[in-house]
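Reading through the structure tokens given below for one structure.
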Amino acid sequence: KRRVLIFTGKGTAAPYILKDCSMALKRAGCEVADYCITKNSDATRDVIRRINPDIIFTIDYFGLTKEIVNEEKKVFVSWFVDNPFYYVDETHINEKLICFVTDKSYIKELEMYNYRNVFYLPLATDILRMRKSMRKKLRSIGSGSVYKPDVSFVGTIGKRHREWEDERNSKFQSKQREILNFLVKLKIKKPGLTFAELFEFCSKKFNIDILKNITAYERGAIELRIDMETSSFFREKYLKALKGRKVSVYGDEKWKEILPDSYYFGGRIDYEKDVGALYRLSKVNLNITRTQIQTGINQRILDIAATSSVFITDYRRTVQEFFDVDISALVYFNEEDLKDKVDKICLLYTSPSPRDLSTSRMPSSA
């Protein structure tokens with residue numbers, strides 16, 4: 001049997017993704033051990049030597065350092081569910097390092113920095129866990145009443161990793177602030193462009209090769225800033241486009257400063273216990289993908305589909321690989337399109353003879 005050591009830790013969805021991976025590996029016949037990472041690298045080395053795994057598995061490079069990767073004679077596997085450039089640099093390259101990405105667009109980009117073992121592995125969901133969650137009653141925070149929204153959204157708006165972002169961006173911002181601001185504005189104007197396409201467009205405008213003299217780590221700093229600024233912009237924009245509807249939002253406290261007074265803010269929601277119940281309670285579940293997910297889909301729409309609930313998502317190039325667009329998934333392209341489709345869905349709930357909301361069906365390939 002293959003012995004697999006999984007590095008895990010705290011987080012919103014990540015621990016559950018790793019738990020699902022652990023169960024899948026066990027079903028495949030592997031011996032699996034979990035280790036909750038601490039800042040003590042010596043303790044991590046001790047665990048590796050005690051368990052002596054054939055493979056060390058994690059997501060988003062969590063728990064891996066260049067010292068561990070280069071010192072330990074193991075096969076390392078990192079499944080990048082976020083932008084891989086947020087976590088890697090050239091010193092991490094090792095012939096025994098295998099990278100999986102949930103977004104196909106990053107394969108070619110990582111290969112530019114001499115990463116050779118890069119493969120596409122899309123996200124999935126645990127249907128049983130989501131259905132167990134959806135059977136529970138979701139109650140509004142601070143009261144005993146059930147809030148039934150027309151539209152619900154789960155996600156952040158604040159500057160995630162702000163200190164980390166500022167540290168990584170400091171040199172670039174001081175030298176190339178104009179270029180960075182241009183990239184943010186261009187991504188807002190043309191959200192369908194990948195980071196590579198943004199850099200190519202920018203290089204032509206400023207007559208420089210923006211990627212020529214920067215490392216993968218520095219590239220990650222640029223892309224992180226673009227993601228933080230543009231994702232916040234689009235999430236605020238699309239949610240405010242639904243003003244007049246009963247909208248509930250769950251996420252970080254920053255939403256309180258942004259949302260209209262008529263919107264319900266429920267704070268952070270428990271991914272395992274409550275999120276499925278929210279999806280079933282809502283007439284429409286809105287997905288606004290972070291811009292660092294360039295062509296793929298995120299965990300949220302798979303989770304919503306697992307509860308047989310209605311959702312509408314912003315367009316990504318690979319969405320049709322998972323769903324029949326406009327049959328098992330609704331897709332919007334701009335504010336007007338979003339508002340129009342949400343209005344039509346909500347109208348079905350008030351019809352004397354409600355039609356089958358086929359938009360909520362799980363795809364047959366799931």
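If you're wondering about the labels, chains in the structure tokens are A, B, ... by order shown, residues count from 1 in each chain, ligands from 1 in order shown.
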
Report task. Enumerate as a ChimeraX atom specification all residues of range 100-314 of chain A assigned to strand (DSSP E) by DSSP on the backbone, naming them with the chain letters and numbers the document uses. Result -> /A:100-101,118-120,151-154,247-250,264-265,284-287,311-314

Selection to disk with N, CA and C atoms, as a PDB file, in the first residue's frame:
ATOM      1  N   PHE A 100      -1.002  19.921  -9.176  1.00  0.00           N
ATOM      2  CA  PHE A 100      -2.302  19.875  -9.819  1.00  0.00           C
ATOM      3  C   PHE A 100      -2.905  21.272  -9.739  1.00  0.00           C
ATOM      4  N   VAL A 101      -3.577  21.694 -10.800  1.00  0.00           N
ATOM      5  CA  VAL A 101      -4.234  23.002 -10.817  1.00  0.00           C
ATOM      6  C   VAL A 101      -5.705  22.819 -11.175  1.00  0.00           C
ATOM      7  N   VAL A 118       3.013  19.325 -14.062  1.00  0.00           N
ATOM      8  CA  VAL A 118       1.812  20.122 -13.804  1.00  0.00           C
ATOM      9  C   VAL A 118       0.632  19.506 -14.553  1.00  0.00           C
ATOM     10  N   PHE A 119      -0.462  19.257 -13.821  1.00  0.00           N
ATOM     11  CA  PHE A 119      -1.610  18.579 -14.408  1.00  0.00           C
ATOM     12  C   PHE A 119      -2.909  19.250 -13.974  1.00  0.00           C
ATOM     13  N   TYR A 120      -3.921  19.088 -14.813  1.00  0.00           N
ATOM     14  CA  TYR A 120      -5.244  19.667 -14.532  1.00  0.00           C
ATOM     15  C   TYR A 120      -6.067  18.705 -13.685  1.00  0.00           C
ATOM     16  N   VAL A 151     -32.194  36.317  -2.997  1.00  0.00           N
ATOM     17  CA  VAL A 151     -30.838  36.032  -3.468  1.00  0.00           C
ATOM     18  C   VAL A 151     -29.906  35.952  -2.276  1.00  0.00           C
ATOM     19  N   SER A 152     -29.028  34.966  -2.267  1.00  0.00           N
ATOM     20  CA  SER A 152     -27.998  34.901  -1.230  1.00  0.00           C
ATOM     21  C   SER A 152     -26.626  34.817  -1.877  1.00  0.00           C
ATOM     22  N   PHE A 153     -25.641  35.343  -1.157  1.00  0.00           N
ATOM     23  CA  PHE A 153     -24.251  35.285  -1.621  1.00  0.00           C
ATOM     24  C   PHE A 153     -23.356  34.993  -0.431  1.00  0.00           C
ATOM     25  N   VAL A 154     -22.405  34.098  -0.633  1.00  0.00           N
ATOM     26  CA  VAL A 154     -21.426  33.759   0.396  1.00  0.00           C
ATOM     27  C   VAL A 154     -20.038  34.065  -0.158  1.00  0.00           C
ATOM     28  N   VAL A 247     -31.954  40.453  -0.346  1.00  0.00           N
ATOM     29  CA  VAL A 247     -30.607  39.904  -0.569  1.00  0.00           C
ATOM     30  C   VAL A 247     -29.949  39.637   0.778  1.00  0.00           C
ATOM     31  N   SER A 248     -29.387  38.451   0.933  1.00  0.00           N
ATOM     32  CA  SER A 248     -28.617  38.130   2.136  1.00  0.00           C
ATOM     33  C   SER A 248     -27.176  37.853   1.747  1.00  0.00           C
ATOM     34  N   VAL A 249     -26.266  38.351   2.554  1.00  0.00           N
ATOM     35  CA  VAL A 249     -24.833  38.214   2.283  1.00  0.00           C
ATOM     36  C   VAL A 249     -24.152  37.662   3.530  1.00  0.00           C
ATOM     37  N   TYR A 250     -23.284  36.675   3.323  1.00  0.00           N
ATOM     38  CA  TYR A 250     -22.518  36.080   4.409  1.00  0.00           C
ATOM     39  C   TYR A 250     -21.038  36.182   4.072  1.00  0.00           C
ATOM     40  N   TYR A 264     -29.567  42.004   4.057  1.00  0.00           N
ATOM     41  CA  TYR A 264     -29.313  41.307   5.315  1.00  0.00           C
ATOM     42  C   TYR A 264     -27.870  40.804   5.329  1.00  0.00           C
ATOM     43  N   PHE A 265     -27.130  41.126   6.381  1.00  0.00           N
ATOM     44  CA  PHE A 265     -25.766  40.630   6.538  1.00  0.00           C
ATOM     45  C   PHE A 265     -25.736  39.617   7.677  1.00  0.00           C
ATOM     46  N   VAL A 284     -32.526  32.109  -5.231  1.00  0.00           N
ATOM     47  CA  VAL A 284     -31.393  32.087  -6.156  1.00  0.00           C
ATOM     48  C   VAL A 284     -30.110  32.239  -5.361  1.00  0.00           C
ATOM     49  N   ASN A 285     -29.124  31.408  -5.660  1.00  0.00           N
ATOM     50  CA  ASN A 285     -27.803  31.531  -5.051  1.00  0.00           C
ATOM     51  C   ASN A 285     -26.852  32.158  -6.067  1.00  0.00           C
ATOM     52  N   LEU A 286     -26.295  33.291  -5.692  1.00  0.00           N
ATOM     53  CA  LEU A 286     -25.430  34.040  -6.602  1.00  0.00           C
ATOM     54  C   LEU A 286     -23.974  33.648  -6.410  1.00  0.00           C
ATOM     55  N   ASN A 287     -23.302  33.392  -7.513  1.00  0.00           N
ATOM     56  CA  ASN A 287     -21.857  33.143  -7.477  1.00  0.00           C
ATOM     57  C   ASN A 287     -21.131  34.255  -8.224  1.00  0.00           C
ATOM     58  N   PHE A 311     -28.862  28.267  -8.866  1.00  0.00           N
ATOM     59  CA  PHE A 311     -27.749  29.216  -8.792  1.00  0.00           C
ATOM     60  C   PHE A 311     -27.552  29.908 -10.131  1.00  0.00           C
ATOM     61  N   ILE A 312     -26.912  31.061 -10.065  1.00  0.00           N
ATOM     62  CA  ILE A 312     -26.519  31.798 -11.256  1.00  0.00           C
ATOM     63  C   ILE A 312     -25.078  32.241 -11.058  1.00  0.00           C
ATOM     64  N   THR A 313     -24.258  32.044 -12.057  1.00  0.00           N
ATOM     65  CA  THR A 313     -22.827  32.301 -11.919  1.00  0.00           C
ATOM     66  C   THR A 313     -22.307  33.172 -13.052  1.00  0.00           C
ATOM     67  N   ASP A 314     -21.257  33.921 -12.767  1.00  0.00           N
ATOM     68  CA  ASP A 314     -20.585  34.669 -13.818  1.00  0.00           C
ATOM     69  C   ASP A 314     -19.881  33.683 -14.748  1.00  0.00           C
TER      70      ASP A 314
END

Report task. Per DSSP on the backbone, filter range 145-330 of chain A down to the residues in helix (DSSP H, G or I) and report them as an NGL selection string. Result -> :A and (162-189 or 195-206 or 216-240 or 253-257 or 275-281 or 299-306 or 319-321)

Report task. Could you please determine the separation between CA of Arg2 in chain A and CA of Gln299 in chain A in Å, to one decimal place? Result ->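 Between CA of Arg2 in chain A and CA of Gln299 in chain A the gap works out to 28.0 Å.
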
Within 9 Å of range 122-135 of chain A, which residues of range 206-293 of chain A come that close, and what is the closest atom pair and distance in Å for each? Count only C-alpha atoms and give it as a Markdown table.
| residue | atom | partner | partner_atom | distance |
| --- | --- | --- | --- | --- |
| A:Tyr271 | CA | A:Ser133 | CA | 8.7 |
| A:Glu272 | CA | A:Ser133 | CA | 6.5 |
| A:Lys273 | CA | A:Ser133 | CA | 5.2 |
| A:Asp274 | CA | A:Ser133 | CA | 5.8 |
| A:Val275 | CA | A:Ser133 | CA | 6.8 |
| A:Gly276 | CA | A:Met134 | CA | 4.0 |
| A:Ala277 | CA | A:Met134 | CA | 3.7 |
| A:Leu278 | CA | A:Met134 | CA | 7.2 |
| A:Tyr279 | CA | A:Met134 | CA | 7.3 |
| A:Arg280 | CA | A:Met134 | CA | 6.3 |
| A:Leu281 | CA | A:Met134 | CA | 8.6 |

Query raised in the report: Within 7 Å of Trp79 in chain A, counting only C-alpha atoms, which residues qualify if same-chain residues fewer than 2 places away don't, as a count of residues only?
Result: 8

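Among the candidate residues A:Leu348, A:Val342, A:Val319, A:Ile304, the one lying nearest to Leu239 in chain A is A:Val342, with distances computed using only C-alpha atoms.
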
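When only C-alpha atoms are used to measure the gap to Ile226 in chain A, the shortest distance among A:Ile157, A:Leu198, A:Leu5, A:Ala306 belongs to A:Leu198.
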
Query raised in the report: What gap, in Å, lies between CA of Ala221 in chain A and CA of Lys96 in chain A?
Result: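 CA of Lys96 in chain A lies at a distance of 25.7 Å from CA of Ala221 in chain A.
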
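If only C-alpha atoms are the atoms counted, then among A:Val4, A:Cys30, A:Cys36, A:Leu121 the closest residue to Ile55 in chain A is A:Val4.
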
Query raised in the report: What gap, in Å, lies between CA of Lys74 in chain A and CA of Gly29 in chain A?
Result: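 We find that CA of Lys74 in chain A and CA of Gly29 in chain A lie 19.1 Å from each other.
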
Requested in this report: Do a neighbour search on Gly192 in chain A at 9 Å with only C-alpha atoms, toss out local chain neighbours closer than 4 positions, and write the hits as a list of chain:residue names.
Outcome: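 Selected residues are A:Lys187, A:Thr291, A:Gln294, A:Thr295, A:Tyr315, A:Arg316, A:Arg317.
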
Requested in this report: Name the residues in contact with range 84-88 of chain A at a cut-off of 8 Å, using only C-alpha atoms, excluding same-chain residues fewer than 2 positions from it; report them as a ChimeraX atom specification.
Outcome: /A:60-61,80-82,90,92,101,106,216-217,219-221,223-224
